[in-house]
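Q: My file is final.txt. It has compact mmCIF, C-alpha atoms and all ligand atoms:
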```
# COMPACT_ATOMS: atom_id res chain seq x y z
CA MET A 1 146.03 126.05 -67.50
CA LEU A 2 146.50 122.65 -65.92
CA SER A 3 148.73 120.06 -67.56
CA GLU A 4 147.19 116.73 -68.47
CA ASN A 5 149.37 115.09 -65.84
CA LEU A 6 148.22 117.40 -63.03
CA THR A 7 144.59 117.23 -64.15
CA GLY A 8 144.78 113.45 -63.87
CA LYS A 9 146.38 113.62 -60.43
CA LEU A 10 143.90 116.21 -59.14
CA ASN A 11 141.06 114.06 -60.43
CA LYS A 12 142.53 111.10 -58.55
CA GLN A 13 142.50 113.25 -55.43
CA ILE A 14 138.83 114.11 -56.05
CA ASN A 15 138.26 110.36 -55.98
CA HIS A 16 140.31 109.94 -52.79
CA GLU A 17 138.32 112.68 -51.05
CA SER A 18 135.06 111.04 -52.18
CA THR A 19 136.39 107.77 -50.76
CA SER A 20 136.91 109.56 -47.45
CA VAL A 21 133.29 110.81 -47.50
CA VAL A 22 132.01 107.26 -47.94
CA LEU A 23 134.42 105.79 -45.37
CA TYR A 24 133.49 108.33 -42.68
CA LEU A 25 129.76 107.93 -43.33
CA GLN A 26 130.18 104.17 -42.94
CA MET A 27 132.13 104.73 -39.72
CA SER A 28 129.34 107.00 -38.51
CA ALA A 29 126.81 104.27 -39.29
CA TRP A 30 128.84 101.65 -37.38
CA CYS A 31 129.13 103.94 -34.34
CA ALA A 32 125.40 104.74 -34.40
CA SER A 33 124.53 101.04 -34.70
CA LYS A 34 126.54 100.37 -31.53
CA GLY A 35 124.90 103.25 -29.67
CA TYR A 36 127.99 105.49 -29.76
CA ASP A 37 126.07 108.60 -30.78
CA GLY A 38 128.88 111.04 -29.94
CA CYS A 39 131.30 109.23 -32.23
CA ALA A 40 128.60 108.86 -34.90
CA GLU A 41 128.22 112.64 -34.93
CA PHE A 42 132.01 113.09 -35.06
CA PHE A 43 132.27 110.91 -38.19
CA ARG A 44 129.21 112.49 -39.82
CA LEU A 45 130.84 115.91 -39.48
CA GLN A 46 134.13 114.45 -40.79
CA ALA A 47 132.24 113.20 -43.85
CA ASP A 48 130.79 116.71 -44.38
CA GLU A 49 134.32 118.15 -44.25
CA GLU A 50 135.60 115.58 -46.76
CA LYS A 51 132.78 116.53 -49.13
CA GLN A 52 134.00 120.13 -48.91
CA HIS A 53 137.58 118.95 -49.66
CA MET A 54 136.27 117.11 -52.72
CA GLU A 55 134.20 120.08 -53.93
CA LYS A 56 137.10 122.49 -53.50
CA LEU A 57 139.23 120.33 -55.82
CA PHE A 58 136.31 119.92 -58.21
CA GLY A 59 135.93 123.71 -58.41
CA TYR A 60 139.66 124.28 -58.88
CA VAL A 61 139.96 121.79 -61.75
CA LEU A 62 136.92 123.37 -63.44
CA GLU A 63 138.06 126.98 -63.10
CA THR A 64 141.56 126.06 -64.31
CA GLY A 65 140.30 124.68 -67.60
CA GLY A 66 140.19 120.98 -66.71
CA LEU A 67 137.33 118.51 -66.59
CA PRO A 68 136.64 117.05 -63.14
CA MET A 69 136.16 113.29 -63.39
CA LEU A 70 134.32 111.37 -60.69
CA GLY A 71 135.58 107.81 -60.68
CA ALA A 72 134.26 104.67 -59.04
CA ILE A 73 134.49 104.41 -55.28
CA ALA A 74 135.27 101.09 -53.61
CA ALA A 75 133.03 99.97 -50.76
CA PRO A 76 134.58 100.86 -47.39
CA PRO A 77 135.00 98.41 -44.51
CA SER A 78 131.81 98.20 -42.46
CA SER A 79 132.94 97.02 -39.06
CA TRP A 80 135.71 97.72 -36.60
CA ALA A 81 136.85 95.87 -33.49
CA SER A 82 136.49 98.79 -31.08
CA LEU A 83 136.27 102.57 -30.78
CA ARG A 84 140.04 102.68 -30.45
CA ASP A 85 140.36 100.62 -33.61
CA ILE A 86 138.12 102.98 -35.59
CA PHE A 87 140.12 106.05 -34.53
CA GLN A 88 143.40 104.26 -35.30
CA ALA A 89 142.04 103.38 -38.77
CA THR A 90 141.03 107.02 -39.24
CA LEU A 91 144.50 108.26 -38.34
CA GLU A 92 146.09 105.80 -40.77
CA HIS A 93 143.65 106.86 -43.49
CA GLU A 94 144.53 110.52 -42.98
CA GLN A 95 148.27 109.71 -43.04
CA THR A 96 147.70 108.11 -46.44
CA VAL A 97 145.83 111.21 -47.62
CA SER A 98 148.72 113.41 -46.43
CA LYS A 99 151.10 111.36 -48.59
CA GLU A 100 148.77 111.76 -51.58
CA ILE A 101 148.72 115.53 -51.07
CA SER A 102 152.53 115.57 -50.82
CA VAL A 103 152.80 113.83 -54.20
CA LEU A 104 150.47 116.45 -55.69
CA VAL A 105 152.52 119.31 -54.22
CA GLU A 106 155.71 117.75 -55.55
CA THR A 107 154.19 117.41 -59.03
CA ALA A 108 152.98 121.02 -59.03
CA LEU A 109 156.49 122.16 -58.07
CA ASP A 110 158.16 119.94 -60.69
CA GLU A 111 155.91 121.47 -63.34
CA LYS A 112 156.44 125.00 -61.96
CA ASP A 113 152.64 125.30 -61.67
CA PHE A 114 152.70 127.80 -58.81
CA SER A 115 148.97 128.46 -58.92
CA THR A 116 148.26 124.80 -58.17
CA PHE A 117 151.14 124.71 -55.68
CA ASN A 118 149.53 127.67 -53.89
CA PHE A 119 146.05 126.11 -54.03
CA LEU A 120 147.40 122.90 -52.46
CA GLN A 121 148.85 124.68 -49.43
CA TRP A 122 145.35 124.73 -47.92
CA TYR A 123 145.33 120.92 -48.07
CA VAL A 124 148.80 120.71 -46.53
CA SER A 125 147.57 122.73 -43.50
CA GLU A 126 144.31 120.81 -43.31
CA GLN A 127 146.15 117.46 -43.24
CA HIS A 128 148.48 118.71 -40.52
CA GLU A 129 145.45 119.75 -38.47
CA GLU A 130 143.57 116.49 -39.05
CA GLU A 131 146.53 114.31 -38.09
CA HIS A 132 147.14 116.41 -34.99
CA GLN A 133 143.47 116.16 -33.97
CA LEU A 134 143.45 112.38 -34.40
CA HIS A 135 146.67 111.91 -32.42
CA SER A 136 145.08 113.95 -29.61
CA LEU A 137 141.86 111.93 -29.76
CA LEU A 138 143.77 108.65 -29.60
CA ASP A 139 145.79 109.93 -26.64
CA ARG A 140 142.51 110.84 -24.93
CA VAL A 141 141.01 107.43 -25.69
CA ASP A 142 144.11 105.71 -24.25
CA MET A 143 144.02 107.90 -21.15
CA ILE A 144 140.34 107.15 -20.51
CA THR A 145 141.00 103.41 -21.00
CA ALA A 146 144.02 103.50 -18.65
CA GLU A 147 141.82 105.13 -16.01
CA GLY A 148 139.60 102.06 -16.24
CA HIS A 149 136.67 103.71 -18.02
CA GLY A 150 134.96 102.11 -20.99
CA ASN A 151 133.40 103.02 -24.33
CA PHE A 152 130.52 104.96 -22.77
CA THR A 153 132.98 107.51 -21.33
CA ILE A 154 135.00 107.59 -24.56
CA ASP A 155 131.84 108.30 -26.56
CA ARG A 156 130.79 111.08 -24.18
CA GLU A 157 134.25 112.66 -24.36
CA ILE A 158 134.35 112.52 -28.18
CA SER A 159 130.91 114.14 -28.21
CA ARG A 160 132.13 116.92 -25.92
CA LEU A 161 135.26 117.51 -28.06
CA THR A 162 133.23 117.48 -31.28
CA GLN A 163 130.85 120.11 -29.94
CA THR A 164 133.75 122.25 -28.70
CA ASN A 165 135.59 122.04 -32.06
CA HIS A 166 132.51 122.97 -34.06
CA ARG A 167 131.65 125.90 -31.81
CA GLN A 168 135.06 127.49 -32.57
FE1 LIG A 201 140.35 115.41 -47.05
FE2 LIG A 201 140.74 114.27 -44.29
O1 LIG A 201 141.40 114.45 -45.98
```
Just give me the structure of the file as structure tokens.
A:
Amino acid sequence: MLSENLTGKLNKQINHESTSVVLYLQMSAWCASKGYDGCAEFFRLQADEEKQHMEKLFGYVLETGGLPMLGAIAAPPSSWASLRDIFQATLEHEQTVSKEISVLVETALDEKDFSTFNFLQWYVSEQHEEEHQLHSLLDRVDMITAEGHGNFTIDREISRLTQTNHRQ
């Protein structure tokens, strides 16, 4: 049985994950509107993953006797200065999510709620993976830029990496 405190915090995380869905869909729209179809696909798939993160929490709260609450979601930004800027913003967003997950893990431990602590380990690994992936993408973007190539090459490379990752 979830405590009221943890139920509230898990519900906040449901809201944060929903915020990520909306943010990544908006990023996908911005990329598509600029003709960066590879990056648009990358962000659309990211949004799909965030929806799964949200639904996993939703299911856990329900099956643990709590009531999932879907709060209001603020409108995301709708434009970015460059492809590098959008990936930097994504990394910073995921770093914020990692901190939110850490607070949840800490709360579960404080309350000796080991079931929730165990459930949250999946999110800890997922955040590690997402931050690692974004650092690698930014390194790749910087390398391509340093070689004197532009956004067209970056978009093609992100498309190639997205297809490789989703084939695994
Ligand atoms: Fe669900 Fe990318 O954090």
Q: Measuring atom to atom with all atoms listed in the file, identify which of A:Phe114, A:Phe58, A:Tyr123, A:Phe87 is nearest to ligand LIG 201 (chain A).
A: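 Closest residue, counting all atoms listed in the file: A:Tyr123.
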Q: I'd like the neighbourhood of Pro68 (chain A) as an MDAnalysis selection string, where a residue qualifies if any of its atoms comes within 12 Å (using only C-alpha atoms), though same-chain residues fewer than 5 positions away should be ignored.
A: chainID A and resid 2 4 6:15 54:63
Q: Go ahead and write the residues just picked, C-alpha atoms, as a PDB file, in the coordinates of the input.
A:
```
ATOM      1  CA  LEU A   2     146.500 122.650 -65.920  1.00  0.00           C
ATOM      2  CA  GLU A   4     147.190 116.730 -68.470  1.00  0.00           C
ATOM      3  CA  LEU A   6     148.220 117.400 -63.030  1.00  0.00           C
ATOM      4  CA  THR A   7     144.590 117.230 -64.150  1.00  0.00           C
ATOM      5  CA  GLY A   8     144.780 113.450 -63.870  1.00  0.00           C
ATOM      6  CA  LYS A   9     146.380 113.620 -60.430  1.00  0.00           C
ATOM      7  CA  LEU A  10     143.900 116.210 -59.140  1.00  0.00           C
ATOM      8  CA  ASN A  11     141.060 114.060 -60.430  1.00  0.00           C
ATOM      9  CA  LYS A  12     142.530 111.100 -58.550  1.00  0.00           C
ATOM     10  CA  GLN A  13     142.500 113.250 -55.430  1.00  0.00           C
ATOM     11  CA  ILE A  14     138.830 114.110 -56.050  1.00  0.00           C
ATOM     12  CA  ASN A  15     138.260 110.360 -55.980  1.00  0.00           C
ATOM     13  CA  MET A  54     136.270 117.110 -52.720  1.00  0.00           C
ATOM     14  CA  GLU A  55     134.200 120.080 -53.930  1.00  0.00           C
ATOM     15  CA  LYS A  56     137.100 122.490 -53.500  1.00  0.00           C
ATOM     16  CA  LEU A  57     139.230 120.330 -55.820  1.00  0.00           C
ATOM     17  CA  PHE A  58     136.310 119.920 -58.210  1.00  0.00           C
ATOM     18  CA  GLY A  59     135.930 123.710 -58.410  1.00  0.00           C
ATOM     19  CA  TYR A  60     139.660 124.280 -58.880  1.00  0.00           C
ATOM     20  CA  VAL A  61     139.960 121.790 -61.750  1.00  0.00           C
ATOM     21  CA  LEU A  62     136.920 123.370 -63.440  1.00  0.00           C
ATOM     22  CA  GLU A  63     138.060 126.980 -63.100  1.00  0.00           C
TER      23      GLU A  63
END
```
Q: I need the residue nearest ligand LIG 201 (chain A) from this list: A:Arg84, A:His132, A:Arg156, A:His16. Use only C-alpha atoms and all ligand atoms for the distance.
A: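 Looking only at the distances to ligand LIG 201 (chain A), the closest residue turns out to be A:His16.
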Q: Please identify every residue of chain A that has at least one atom no farther than 7 Å from an atom of ligand LIG 201 (chain A), counting only C-alpha atoms and all ligand atoms, and for each give the shortest atom pair and the distance in Å to one decimal, arranged by chain then increasing number, as a tab-separated table.
A:
```
residue	atom	partner	partner_atom	distance
A:Glu17	CA	A:LIG201	FE1	5.3
A:Ser20	CA	A:LIG201	FE1	6.8
A:Glu50	CA	A:LIG201	FE1	4.8
A:His53	CA	A:LIG201	FE1	5.2
A:Glu94	CA	A:LIG201	FE2	5.5
A:Val97	CA	A:LIG201	O1	5.7
A:Gln127	CA	A:LIG201	O1	6.3
A:Glu130	CA	A:LIG201	FE2	6.4
```
Q: With only C-alpha atoms as the basis for distance, which of A:Asn118, A:Leu109, A:Gln133, A:Gly66 is at the shortest distance from Leu91 (chain A)?
A: A:Gln133
Q: Using all atoms listed in the file, pick whichever of A:Asn151, A:Gln88, A:Gly71, A:Thr19 has the shortest atom-to-atom distance to Gly35 (chain A).
A: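 Of A:Asn151, A:Gln88, A:Gly71, A:Thr19, the one nearest Gly35 (chain A) is A:Asn151, counting all atoms listed in the file.
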Q: What does the distance from CA of Ala47 (chain A) to CA of Val124 (chain A) come to in Å, to one decimal?
A: 18.4 Å
Q: Just the number, please: distance in Å from CA of Ser82 (chain A) to CA of Gln95 (chain A), one decimal.
A: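 Answer for the CA of Ser82 (chain A) to CA of Gln95 (chain A) separation: 20.0 Å.
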Q: Please identify all polymer residues within 12 Å of Thr145 (chain A), counting all atoms listed in the file, omitting same-chain residues fewer than 4 positions from it, and present them as a list of chain:residue names.
A: A:Ser82, A:Leu83, A:Arg84, A:Leu138, A:Asp139, A:Arg140, A:Val141, A:His149, A:Gly150, A:Asn151, A:Phe152, A:Thr153, A:Ile154, A:Asp155, A:Glu157
Q: Those residues with C-alpha atoms, as a compact mmCIF listing (two decimals), in the frame of the given file please?
A:
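This went into result_32.txt:
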```
# COMPACT_ATOMS: atom_id res chain seq x y z
CA SER A 82 136.49 98.79 -31.08
CA LEU A 83 136.27 102.57 -30.78
CA ARG A 84 140.04 102.68 -30.45
CA LEU A 138 143.77 108.65 -29.60
CA ASP A 139 145.79 109.93 -26.64
CA ARG A 140 142.51 110.84 -24.93
CA VAL A 141 141.01 107.43 -25.69
CA HIS A 149 136.67 103.71 -18.02
CA GLY A 150 134.96 102.11 -20.99
CA ASN A 151 133.40 103.02 -24.33
CA PHE A 152 130.52 104.96 -22.77
CA THR A 153 132.98 107.51 -21.33
CA ILE A 154 135.00 107.59 -24.56
CA ASP A 155 131.84 108.30 -26.56
CA GLU A 157 134.25 112.66 -24.36
```
Q: Tell me, in Å to one decimal, how far CA of Val105 (chain A) is from CA of Phe117 (chain A).
A: 5.8 Å
Q: Write out as a PDB file with C-alpha atoms, in the coordinates of the input the residues lying within 9 Å of Ser79 (chain A), counting only C-alpha atoms and excluding same-chain residues fewer than 2 positions away.
A:
```
ATOM      1  CA  GLN A  26     130.180 104.170 -42.940  1.00  0.00           C
ATOM      2  CA  MET A  27     132.130 104.730 -39.720  1.00  0.00           C
ATOM      3  CA  TRP A  30     128.840 101.650 -37.380  1.00  0.00           C
ATOM      4  CA  PRO A  77     135.000  98.410 -44.510  1.00  0.00           C
ATOM      5  CA  ALA A  81     136.850  95.870 -33.490  1.00  0.00           C
ATOM      6  CA  SER A  82     136.490  98.790 -31.080  1.00  0.00           C
ATOM      7  CA  ILE A  86     138.120 102.980 -35.590  1.00  0.00           C
TER       8      ILE A  86
END
```
Q: So, with all atoms listed in the file as the atoms that count, which of A:Ser125, A:Pro76, A:His135, A:Tyr24 lies closest to Cys39 (chain A)?
A: A:Tyr24
Q: Find the residue from A:Met1, A:Leu137, A:Val21, A:Ala40 that sits nearest to Ser115 (chain A); use only C-alpha atoms when measuring.
A: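 Going through A:Met1, A:Leu137, A:Val21, A:Ala40 one by one, the smallest distance to Ser115 (chain A) is for A:Met1.
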Q: Give the padded box for region 45-58 of chain A as AutoDock Vina command-line options: axis-aligned, covering all atoms listed in the file, 8 Å on each side, centre and edge lengths in Å to one decimal.
A:
```
--center_x 135.0 --center_y 117.8 --center_z -48.8 --size_x 24.4 --size_y 25.3 --size_z 34.7
```
